[in-house]
Amino acid sequence: MRWSKTFIPTLKEVPADAEILSHQLLLRAGLVRKLTGGLYTFLPMGLRALTKVANIIREEMDRAGAIETSMPLLQPVDIWQASGRYEAMRDALYKVKDRAQKEWALCPTAEEVITTLVANELSSYKQFPKNFYQVGTKFRDEIRPRFGLMRAKEFLMKDAYSFDTTDEGAMASYRKMYDAYSRIFARCGLRAFAVEADTGIIGGNYSHEFMIPAETGENDVVYCEACNYAANIEKATSGLPQTAARELGAAPEKFATPGVVTIEALSKEPYKVPANRQIKTLIYIADSQPVIVLVRGDDQLNEAKFMAKTGAIESRPVTPEEIVALLGAKPGSLGAVVNVPATVKVLADERLRGANDMTTGANEDGFHFRCVSMERDIKVTAWFDLRTVKVGEPCAKCGKPLKIRRAIEVGHVFKLGTKYSVPLNATFLDEAGQRSPLVMGCYGIGVTRTLQAVIEQCFDKDGIVWPVSVAPYQVCITPLIVAPESEAMKLAEKLYTELTAAGLEVILDDRDERPGVKFKDSELVGFPIRVGLGEKSLAKGEVEIKPRNSAIQSVKIEDAAATVIAWVKAEQAKLG
RNA sequence: CGGGACGUGGCUCAGCCUGGUAGAGCGCUUGGUUUGGGACCAAGAUGUCGCAGGUUCAAAUCCUGUCGUCCCGACCA
């Protein structure tokens with residue numbers, strides 16, 4: 001490809017509405033342009049890089065035994081209603097109406113479609129296991145698109161769905177995808193790691209997310225360097241001891257706390273009740289039902305855990321007005337000792353189990369109880385792990401201090417079980433003629449997001465530094481004189497032909513620009529290796545070879561092609 | 001949806017407080033000089049100052065509303 005014939009609108013200045021570095025580089029290197037919030041046009045360089053990522057994924061999916069398909073983007077809503085996700089997806093599901101006012105959904109993911117296919121077409125145990133995948137556009141009505149391609153309304157995703165006849169089979173399918181994912185991200189030049197994850201509305205009971213460490217990520221990951229434990233903070237647990245038991249008074253004792261409405265205020269003079277001896281009482285509305293949640297005063301409720309444990313599809317904190325109506329007191333004086341309506345569930349964090357001599361609100365403005373025992377004085381409906389892990393807490397597996405870092409989620413694997421196969425009737429007949437639901441798994445990779453994650457991880461002060469596996473072109477030939485009969489241009493053409501014939505992807509910068517402009521542009525766009533052809537080096541019978549990630553070297557003209565080919569092959573080998 | 005910021009040529013921004021002829025740099029066009037790290041000189045083109053109302057002799061500037069963008073939170077590949 002000739003630079004002058006393609007379209008690479010590089011930007012010298014940083015666009016005002018791009019905050020994070022990878023988003024700025026995406027725009028500055030001329031990979032994409034925004035149409036409007038969350039919607040981007042892929043320009044030639046961006047599309048080539050995106051296609052590279054998609055093809056790496058395809059190769060690894062095929063290698064893992066998955067088979068490629070393509071499912072409709074426009075889906076009938078009745079299958080969404082059948083799976084129960086029409087409700088669960090809520091506003092994230094884009095809906096459109098046709099001329100008959102019938103409602104359709106724009107594909108955010110395709111469990112319903114593939115399960116319907118399998119239900120209709122496959123019925124014998126002999127036909128399984130099967131794993132169907134596709135690489136296609138997905139739509140989500142994001143509350144807030146941001147960070148360029150990271151969270152967009154429309155994005156490219158690889159989604160795969162496995163069907164097995166047994167739980168062990170499903171586990172094996174899961175493992176295959178897990179391993180394929182590790183290879184995919186490594187081949188993209190990414191340092192990815194897997195963490196235990198919450199399943200959210202996709203469902204199932206076992207799940208890992210693949211994360212790219214990055215300060216601009218939207219996830220907090222808890223990890224242990226000693227034993228490799230790693231989990232999304234929405235799921236992570238630690239090995240903290242339960243609250244120590246103490247001598248306990250005969251009964252809860254009410255005392256006046258005028259104006260005290262925070263844990264912190266109660267921990268100070270004159271009360272001096274440390275936060276770890278207080279019970280924090282939170283009220284949520286989960287699927288329109290009020291629920292009381294108790295965590296220790298120095299702990300933070302983890303809403304993802306709350307959602308997962310209660311199975312709620314929607315929850316929110318109550319309003320102050322609702323609290324007064326429910327418990328008779330304003331926030332700051334709430335507790336679960338007295339005046340709790342019998343219909344309201346009380347969920348307590350495991351860390352409070354056995355705790356006594358605790359202090360909590362009295363459901364009366366300006367009063368608290370002390371000498372409260374969780375077991376004796378509070379009717380707990382259910383105990384769960386509901387707290388958020390904090391940095392430095394001991395690892396539950398090995399006791400070493402846990403760390404927390406930000407990360408970008410690029411992939412997610414789920415063991416779904418029969419969540420979709422049962423309602424959508426995807427069953428098989430076993431050897432005995434018995435009908436059972438298929439055991440499913442689903443596996444997603446955000447392709448566009450992965451592309452941006454590569455940029456987020458591979459850059460320097462001059463621009464993108466593509467791994468050869470993802471680069472739009474592997475080689476950039478830069479003649480400094482472009483007159484057709486010049487020695488530089490003739491040699492450039494010759495090299496172009498040789499390298500292309502050797503199977504490399506090459507761009508020839510034939511623009512009549514000053515050297516500085518061409519060098520800066522090639523570095524900004526980030527081609528892995530550049531061949532510079534100018535009068536100075538040609539006079540010595542040499543060309544200049546500049547890998548993007550290392551120093552410039554002079555090479556004899558006759559060795560140029562071989563050197564470049566060897567370099568690219570070596571880089572490819574490094575990525576596996 | 002809640003909290004914050006911002007909308008002025010293709011891009012980055014100044015001007016607004018204190019109303020009075022719409023600016024700079026980059027980019028673009030033409031000519032010339034340059035030619036190994038984002039050149040220089042000259043001449044040009046490009047704006048309903050987001051939109052709609054209002055105040056005023058006069059609004060980019062003040063007021064009201066509205067739309068859009070970005071940042072923080074809930075959502076997720």
# chains A, B, ... in the order shown; residues from 1 in each chain; ligands from 1
>>> closest_atom_pairs(of="chain B", to="chain A", cutoff="8 Å", atoms="only C-alpha atoms (C1' of nucleotides)", output="JSON lines")
{"residue": "B:C11", "atom": "C1'", "partner": "A:Glu13", "partner_atom": "CA", "distance": 7.0}
{"residue": "B:U12", "atom": "C1'", "partner": "A:Glu13", "partner_atom": "CA", "distance": 6.3}
{"residue": "B:C26", "atom": "C1'", "partner": "A:Lys12", "partner_atom": "CA", "distance": 7.9}
{"residue": "B:U35", "atom": "C1'", "partner": "A:Arg514", "partner_atom": "CA", "distance": 6.3}
{"residue": "B:G36", "atom": "C1'", "partner": "A:Pro515", "partner_atom": "CA", "distance": 6.2}
{"residue": "B:G37", "atom": "C1'", "partner": "A:Gly516", "partner_atom": "CA", "distance": 3.9}
{"residue": "B:G38", "atom": "C1'", "partner": "A:Val517", "partner_atom": "CA", "distance": 4.8}
{"residue": "B:U69", "atom": "C1'", "partner": "A:Asp17", "partner_atom": "CA", "distance": 7.3}
{"residue": "B:C70", "atom": "C1'", "partner": "A:Asp17", "partner_atom": "CA", "distance": 5.6}
{"residue": "B:C75", "atom": "C1'", "partner": "A:Ile143", "partner_atom": "CA", "distance": 6.6}
{"residue": "B:C76", "atom": "C1'", "partner": "A:Arg151", "partner_atom": "CA", "distance": 7.8}
{"residue": "B:A77", "atom": "C1'", "partner": "A:Gly446", "partner_atom": "CA", "distance": 3.8}
>>> residues_around(residues="segment 484-490 of chain A", least_positions_apart="5", cutoff="12 Å", atoms="only C-alpha atoms (C1' of nucleotides)", output="NGL selection string")
:A and (477-479 or 495-497 or 508-512 or 531-539 or 541-544 or 557)
>>> write_last_selection(atoms="C-alpha atoms", output="PDB file, in the first residue's frame")
ATOM      1  CA  ILE A 477       9.347   1.979   3.817  1.00  0.00           C
ATOM      2  CA  THR A 478      10.302   5.625   3.986  1.00  0.00           C
ATOM      3  CA  PRO A 479      12.141   7.047   0.961  1.00  0.00           C
ATOM      4  CA  LEU A 495      12.225  -3.466  -1.441  1.00  0.00           C
ATOM      5  CA  TYR A 496       8.458  -3.148  -1.415  1.00  0.00           C
ATOM      6  CA  THR A 497       8.162  -5.855  -4.041  1.00  0.00           C
ATOM      7  CA  LEU A 508       5.403   2.730   1.277  1.00  0.00           C
ATOM      8  CA  ASP A 509       5.428   6.368   2.348  1.00  0.00           C
ATOM      9  CA  ASP A 510       5.469   7.959  -1.094  1.00  0.00           C
ATOM     10  CA  ARG A 511       4.338  11.356   0.125  1.00  0.00           C
ATOM     11  CA  ASP A 512       6.414  14.338  -0.960  1.00  0.00           C
ATOM     12  CA  VAL A 531      13.272   1.218   6.423  1.00  0.00           C
ATOM     13  CA  GLY A 532      14.719   4.669   5.775  1.00  0.00           C
ATOM     14  CA  LEU A 533      16.140   5.443   2.336  1.00  0.00           C
ATOM     15  CA  GLY A 534      17.984   8.737   2.046  1.00  0.00           C
ATOM     16  CA  GLU A 535      20.909  10.171   0.111  1.00  0.00           C
ATOM     17  CA  LYS A 536      23.344   9.984   2.996  1.00  0.00           C
ATOM     18  CA  SER A 537      23.046   6.295   3.688  1.00  0.00           C
ATOM     19  CA  LEU A 538      22.538   5.324   0.043  1.00  0.00           C
ATOM     20  CA  ALA A 539      25.856   7.038  -0.769  1.00  0.00           C
ATOM     21  CA  GLY A 541      25.584   1.708   0.030  1.00  0.00           C
ATOM     22  CA  GLU A 542      23.363   1.393   3.096  1.00  0.00           C
ATOM     23  CA  VAL A 543      19.780   1.770   4.264  1.00  0.00           C
ATOM     24  CA  GLU A 544      18.585   2.548   7.767  1.00  0.00           C
ATOM     25  CA  ILE A 557      21.477  -2.359   0.671  1.00  0.00           C
TER      26      ILE A 557
END
>>> closest_residue(among="A:Phe139, A:Ile79, A:Tyr181, A:Lys546", to="Lys95 of chain A", atoms="only C-alpha atoms")
A:Phe139
>>> select_by_dssp(residues="segment 355-397 of chain A", states="strand (DSSP E)", output="list in words")
Met358, Thr359, Thr360, Gly361, Phe367, His368, Phe369, Arg370, Cys371, Val372, Ala382, Trp383 and Phe384 of chain A
>>> atom_distance(atom1="atom CA of Ala186 of chain A", atom2="atom CA of Val465 of chain A")
15.8 Å
>>> residues_around(residues="U56 of chain B", least_positions_apart="4", cutoff="12 Å", atoms="only C-alpha atoms (C1' of nucleotides)", output="list in words")
G19, G20, C62 and C63 of chain B
>>> residues_around(residues="Pro394 of chain A", least_positions_apart="3", cutoff="7 Å", atoms="only C-alpha atoms (C1' of nucleotides)", output="compact mmCIF listing (two decimals) with N, CA, C and O atoms, in the first residue's frame")
# COMPACT_ATOMS: atom_id res chain seq x y z
N SER A 238 -11.46 -12.37 51.50
CA SER A 238 -10.16 -12.39 52.17
C SER A 238 -10.26 -13.27 53.40
O SER A 238 -11.34 -13.76 53.74
N GLY A 239 -9.15 -13.45 54.07
CA GLY A 239 -9.12 -14.35 55.22
C GLY A 239 -9.17 -13.62 56.56
O GLY A 239 -8.52 -14.03 57.50
N LEU A 240 -9.96 -12.56 56.61
CA LEU A 240 -10.04 -11.81 57.88
C LEU A 240 -10.78 -12.63 58.94
O LEU A 240 -11.74 -13.33 58.64
N GLY A 399 -2.74 -16.31 53.32
CA GLY A 399 -2.50 -15.41 54.45
C GLY A 399 -1.64 -14.20 54.15
O GLY A 399 -1.54 -13.29 54.96
N LYS A 400 -1.03 -14.17 52.97
CA LYS A 400 -0.19 -13.01 52.63
C LYS A 400 -1.08 -11.80 52.29
O LYS A 400 -2.22 -11.97 51.89
N PRO A 401 -0.56 -10.59 52.45
CA PRO A 401 -1.41 -9.41 52.21
C PRO A 401 -1.86 -9.29 50.75
O PRO A 401 -1.06 -9.48 49.84
N LEU A 402 -3.13 -8.97 50.57
CA LEU A 402 -3.70 -8.82 49.24
C LEU A 402 -3.39 -7.45 48.67
O LEU A 402 -3.26 -6.48 49.40
>>> decode(residues="segment 31-68 of chain B", atoms="N, CA and C atoms (P, O5', C5', C4', C3', O3' and C1' of nucleotides)", output="tab-separated table (two decimals), in the first residue's frame")
chain	number	residue	atom	x	y	z
B	31	G	P	1.03	26.43	-7.87
B	31	G	O5'	2.05	27.63	-7.61
B	31	G	C5'	2.07	28.73	-8.50
B	31	G	C4'	2.98	29.81	-7.97
B	31	G	C3'	4.38	29.35	-7.57
B	31	G	O3'	5.23	29.18	-8.68
B	31	G	C1'	3.51	30.78	-5.92
B	32	G	P	6.43	28.13	-8.60
B	32	G	O5'	7.45	28.81	-7.60
B	32	G	C5'	8.19	29.96	-8.01
B	32	G	C4'	8.87	30.61	-6.85
B	32	G	C3'	9.93	29.77	-6.14
B	32	G	O3'	11.16	29.72	-6.84
B	32	G	C1'	8.56	30.82	-4.53
B	33	U	P	12.11	28.45	-6.72
B	33	U	O5'	12.74	28.62	-5.28
B	33	U	C5'	13.54	29.77	-4.97
B	33	U	C4'	13.85	29.81	-3.50
B	33	U	C3'	14.51	28.55	-2.94
B	33	U	O3'	15.90	28.51	-3.23
B	33	U	C1'	12.77	29.22	-1.51
B	34	U	P	16.64	27.11	-3.17
B	34	U	O5'	16.34	26.74	-1.67
B	34	U	C5'	16.57	25.45	-1.19
B	34	U	C4'	16.02	25.34	0.21
B	34	U	C3'	16.12	23.93	0.74
B	34	U	O3'	17.38	23.74	1.35
B	34	U	C1'	13.92	24.72	1.03
B	35	U	P	18.29	22.57	0.76
B	35	U	O5'	17.60	21.30	1.43
B	35	U	C5'	17.28	21.30	2.82
B	35	U	C4'	16.39	20.11	3.11
B	35	U	C3'	17.00	18.81	2.61
B	35	U	O3'	16.81	17.79	3.57
B	35	U	C1'	14.84	19.14	1.66
B	36	G	P	18.10	17.35	4.49
B	36	G	O5'	17.41	16.10	5.19
B	36	G	C5'	16.22	16.15	5.93
B	36	G	C4'	16.46	15.26	7.11
B	36	G	C3'	17.73	15.59	7.87
B	36	G	O3'	17.52	15.36	9.24
B	36	G	C1'	17.83	13.39	7.09
B	37	G	P	16.82	16.38	10.17
B	37	G	O5'	15.36	15.82	9.89
B	37	G	C5'	14.22	16.72	9.84
B	37	G	C4'	13.33	16.47	11.03
B	37	G	C3'	13.87	16.98	12.36
B	37	G	O3'	12.80	17.47	13.13
B	37	G	C1'	13.43	14.69	12.52
B	38	G	P	12.27	18.96	12.68
B	38	G	O5'	11.05	18.54	11.77
B	38	G	C5'	9.99	17.82	12.34
B	38	G	C4'	8.74	18.09	11.56
B	38	G	C3'	8.18	19.51	11.75
B	38	G	O3'	7.56	19.83	10.52
B	38	G	C1'	6.60	17.94	12.46
B	39	A	P	8.36	20.84	9.52
B	39	A	O5'	8.85	22.04	10.40
B	39	A	C5'	8.56	23.33	10.03
B	39	A	C4'	9.78	23.99	9.41
B	39	A	C3'	9.49	25.39	8.91
B	39	A	O3'	9.56	26.31	9.97
B	39	A	C1'	10.70	24.17	7.27
B	40	C	P	8.50	27.45	10.05
B	40	C	O5'	9.07	28.45	8.94
B	40	C	C5'	10.31	29.10	9.16
B	40	C	C4'	10.71	29.82	7.91
B	40	C	C3'	9.68	30.80	7.35
B	40	C	O3'	9.66	32.02	8.05
B	40	C	C1'	10.59	29.52	5.59
B	41	C	P	8.34	32.88	8.13
B	41	C	O5'	8.30	33.55	6.68
B	41	C	C5'	9.33	34.43	6.27
B	41	C	C4'	9.13	34.83	4.83
B	41	C	C3'	7.73	35.29	4.46
B	41	C	O3'	7.47	36.62	4.86
B	41	C	C1'	8.52	33.81	2.80
B	42	A	P	5.99	37.07	5.26
B	42	A	O5'	5.27	37.06	3.84
B	42	A	C5'	5.65	38.00	2.86
B	42	A	C4'	4.98	37.69	1.55
B	42	A	C3'	3.46	37.59	1.59
B	42	A	O3'	2.82	38.84	1.63
B	42	A	C1'	4.34	35.81	0.31
B	43	A	P	1.43	39.03	2.37
B	43	A	O5'	0.43	38.36	1.33
B	43	A	C5'	0.28	38.92	0.03
B	43	A	C4'	-0.49	37.97	-0.83
B	43	A	C3'	-1.87	37.56	-0.29
B	43	A	O3'	-2.85	38.55	-0.49
B	43	A	C1'	-0.73	35.66	-1.10
B	44	G	P	-4.09	38.62	0.46
B	44	G	O5'	-4.61	37.12	0.42
B	44	G	C5'	-5.97	36.86	0.30
B	44	G	C4'	-6.22	35.54	-0.36
B	44	G	C3'	-7.29	34.73	0.33
B	44	G	O3'	-8.57	35.15	-0.09
B	44	G	C1'	-5.43	33.35	-0.09
B	45	A	P	-9.62	35.56	1.02
B	45	A	O5'	-10.39	34.17	1.13
B	45	A	C5'	-10.81	33.50	-0.07
B	45	A	C4'	-11.06	32.06	0.23
B	45	A	C3'	-11.87	31.80	1.49
B	45	A	O3'	-13.25	31.96	1.27
B	45	A	C1'	-10.00	30.37	1.44
B	46	U	P	-14.11	32.69	2.38
B	46	U	O5'	-14.25	31.56	3.48
B	46	U	C5'	-14.83	30.29	3.14
B	46	U	C4'	-14.47	29.28	4.18
B	46	U	C3'	-14.90	29.64	5.60
B	46	U	O3'	-16.27	29.35	5.80
B	46	U	C1'	-12.71	28.72	5.59
B	47	G	P	-17.25	30.50	6.19
B	47	G	O5'	-17.79	29.93	7.55
B	47	G	C5'	-16.96	29.24	8.44
B	47	G	C4'	-17.49	29.32	9.83
B	47	G	C3'	-18.84	30.04	9.98
B	47	G	O3'	-19.63	29.34	10.93
B	47	G	C1'	-17.17	31.17	11.24
B	48	U	P	-21.03	28.76	10.48
B	48	U	O5'	-21.95	30.03	10.55
B	48	U	C5'	-21.95	30.86	11.69
B	48	U	C4'	-23.02	31.88	11.54
B	48	U	C3'	-23.80	32.09	12.84
B	48	U	O3'	-23.21	33.15	13.56
B	48	U	C1'	-25.30	31.64	11.05
B	49	C	P	-22.95	33.27	14.98
B	49	C	O5'	-21.78	32.22	15.34
B	49	C	C5'	-22.03	31.00	15.94
B	49	C	C4'	-20.91	30.69	16.90
B	49	C	C3'	-21.32	30.78	18.37
B	49	C	O3'	-20.68	29.74	19.09
B	49	C	C1'	-19.49	32.22	17.97
B	50	G	P	-21.24	28.98	20.35
B	50	G	O5'	-22.13	27.81	19.75
B	50	G	C5'	-21.80	27.20	18.51
B	50	G	C4'	-22.82	26.15	18.20
B	50	G	C3'	-24.25	26.66	18.12
B	50	G	O3'	-24.56	27.14	16.84
B	50	G	C1'	-24.16	24.76	19.52
B	51	C	P	-25.47	28.45	16.66
B	51	C	O5'	-26.94	27.89	16.99
B	51	C	C5'	-27.52	26.85	16.22
B	51	C	C4'	-28.81	26.42	16.87
B	51	C	C3'	-29.76	27.55	17.24
B	51	C	O3'	-30.54	27.97	16.14
B	51	C	C1'	-29.56	26.09	19.06
B	52	A	P	-31.03	29.48	16.09
B	52	A	O5'	-32.17	29.50	17.20
B	52	A	C5'	-33.30	28.64	17.07
B	52	A	C4'	-34.20	28.83	18.26
B	52	A	C3'	-34.48	30.28	18.64
B	52	A	O3'	-35.45	30.87	17.81
B	52	A	C1'	-33.98	29.04	20.58
B	53	G	P	-35.64	32.42	17.84
B	53	G	O5'	-36.59	32.55	19.10
B	53	G	C5'	-36.64	33.77	19.79
B	53	G	C4'	-37.09	33.53	21.21
B	53	G	C3'	-36.91	34.76	22.07
B	53	G	O3'	-38.00	35.64	21.92
B	53	G	C1'	-35.89	32.94	23.13
B	54	G	P	-37.58	37.12	21.45
B	54	G	O5'	-37.10	37.73	22.85
B	54	G	C5'	-37.96	37.60	23.98
B	54	G	C4'	-37.19	37.82	25.25
B	54	G	C3'	-36.50	39.17	25.39
B	54	G	O3'	-37.41	40.20	25.74
B	54	G	C1'	-35.06	37.45	26.13
B	55	U	P	-37.14	41.65	25.20
B	55	U	O5'	-35.94	42.15	26.11
B	55	U	C5'	-36.09	42.24	27.52
B	55	U	C4'	-34.81	42.69	28.15
B	55	U	C3'	-34.16	43.91	27.50
B	55	U	O3'	-34.73	45.11	27.96
B	55	U	C1'	-32.52	42.23	27.84
B	56	U	P	-35.15	46.20	26.88
B	56	U	O5'	-33.76	46.71	26.32
B	56	U	C5'	-32.83	47.35	27.18
B	56	U	C4'	-31.52	47.52	26.46
B	56	U	C3'	-31.61	48.21	25.11
B	56	U	O3'	-31.70	49.62	25.22
B	56	U	C1'	-30.20	46.30	24.96
B	57	C	P	-32.69	50.37	24.23
B	57	C	O5'	-31.90	50.40	22.85
B	57	C	C5'	-32.61	50.73	21.65
B	57	C	C4'	-31.62	50.79	20.50
B	57	C	C3'	-30.75	49.56	20.35
B	57	C	O3'	-31.40	48.54	19.63
B	57	C	C1'	-29.40	51.49	20.25
B	58	A	P	-31.26	47.02	20.09
B	58	A	O5'	-29.71	46.73	19.87
B	58	A	C5'	-29.18	46.65	18.55
B	58	A	C4'	-27.69	46.51	18.60
B	58	A	C3'	-27.18	45.30	19.39
B	58	A	O3'	-27.19	44.15	18.59
B	58	A	C1'	-25.97	47.24	20.01
B	59	A	P	-27.52	42.70	19.24
B	59	A	O5'	-26.25	42.46	20.20
B	59	A	C5'	-24.93	42.40	19.67
B	59	A	C4'	-24.19	41.24	20.33
B	59	A	C3'	-24.80	39.87	20.04
B	59	A	O3'	-23.76	38.90	20.07
B	59	A	C1'	-24.92	40.30	22.34
B	60	A	P	-22.90	38.60	18.73
B	60	A	O5'	-22.02	37.34	19.17
B	60	A	C5'	-22.63	36.09	19.41
B	60	A	C4'	-21.80	35.29	20.38
B	60	A	C3'	-21.83	35.80	21.80
B	60	A	O3'	-22.91	35.25	22.52
B	60	A	C1'	-19.58	35.45	21.13
B	61	U	P	-23.62	36.05	23.63
B	61	U	O5'	-22.46	36.52	24.60
B	61	U	C5'	-21.77	35.61	25.46
B	61	U	C4'	-20.74	36.37	26.24
B	61	U	C3'	-21.32	37.38	27.23
B	61	U	O3'	-20.58	37.34	28.44
B	61	U	C1'	-19.89	38.49	25.70
B	62	C	P	-21.15	36.43	29.63
B	62	C	O5'	-22.43	37.27	30.07
B	62	C	C5'	-22.33	38.29	31.05
B	62	C	C4'	-23.70	38.83	31.37
B	62	C	C3'	-24.80	37.78	31.47
B	62	C	O3'	-24.82	37.17	32.74
B	62	C	C1'	-25.55	39.56	30.13
B	63	C	P	-25.31	35.64	32.89
B	63	C	O5'	-26.90	35.79	32.76
B	63	C	C5'	-27.66	36.49	33.74
B	63	C	C4'	-29.12	36.41	33.37
B	63	C	C3'	-29.63	35.01	33.09
B	63	C	O3'	-29.97	34.32	34.27
B	63	C	C1'	-30.35	36.46	31.37
B	64	U	P	-29.84	32.66	34.28
B	64	U	O5'	-31.12	32.25	33.43
B	64	U	C5'	-32.44	32.51	33.90
B	64	U	C4'	-33.44	32.07	32.87
B	64	U	C3'	-33.30	30.64	32.38
B	64	U	O3'	-33.86	29.69	33.27
B	64	U	C1'	-33.63	32.06	30.53
B	65	G	P	-33.21	28.17	33.34
B	65	G	O5'	-33.70	27.51	31.97
B	65	G	C5'	-35.08	27.24	31.75
B	65	G	C4'	-35.35	27.01	30.29
B	65	G	C3'	-34.70	25.77	29.69
B	65	G	O3'	-35.40	24.58	30.00
B	65	G	C1'	-34.43	27.60	28.22
B	66	U	P	-34.58	23.17	30.12
B	66	U	O5'	-34.17	22.87	28.61
B	66	U	C5'	-35.16	22.58	27.63
B	66	U	C4'	-34.54	22.61	26.25
B	66	U	C3'	-33.42	21.60	26.01
B	66	U	O3'	-33.91	20.31	25.68
B	66	U	C1'	-32.74	23.72	25.25
B	67	C	P	-33.10	19.01	26.14
B	67	C	O5'	-32.00	18.85	25.00
B	67	C	C5'	-32.39	18.68	23.65
B	67	C	C4'	-31.23	18.96	22.73
B	67	C	C3'	-29.96	18.15	23.02
B	67	C	O3'	-30.01	16.84	22.49
B	67	C	C1'	-29.38	20.41	22.70
B	68	G	P	-29.17	15.67	23.23
B	68	G	O5'	-27.65	16.02	22.90
B	68	G	C5'	-27.18	15.95	21.57
B	68	G	C4'	-25.81	16.57	21.47
B	68	G	C3'	-24.74	15.92	22.34
B	68	G	O3'	-24.23	14.74	21.78
B	68	G	C1'	-24.59	18.27	22.51
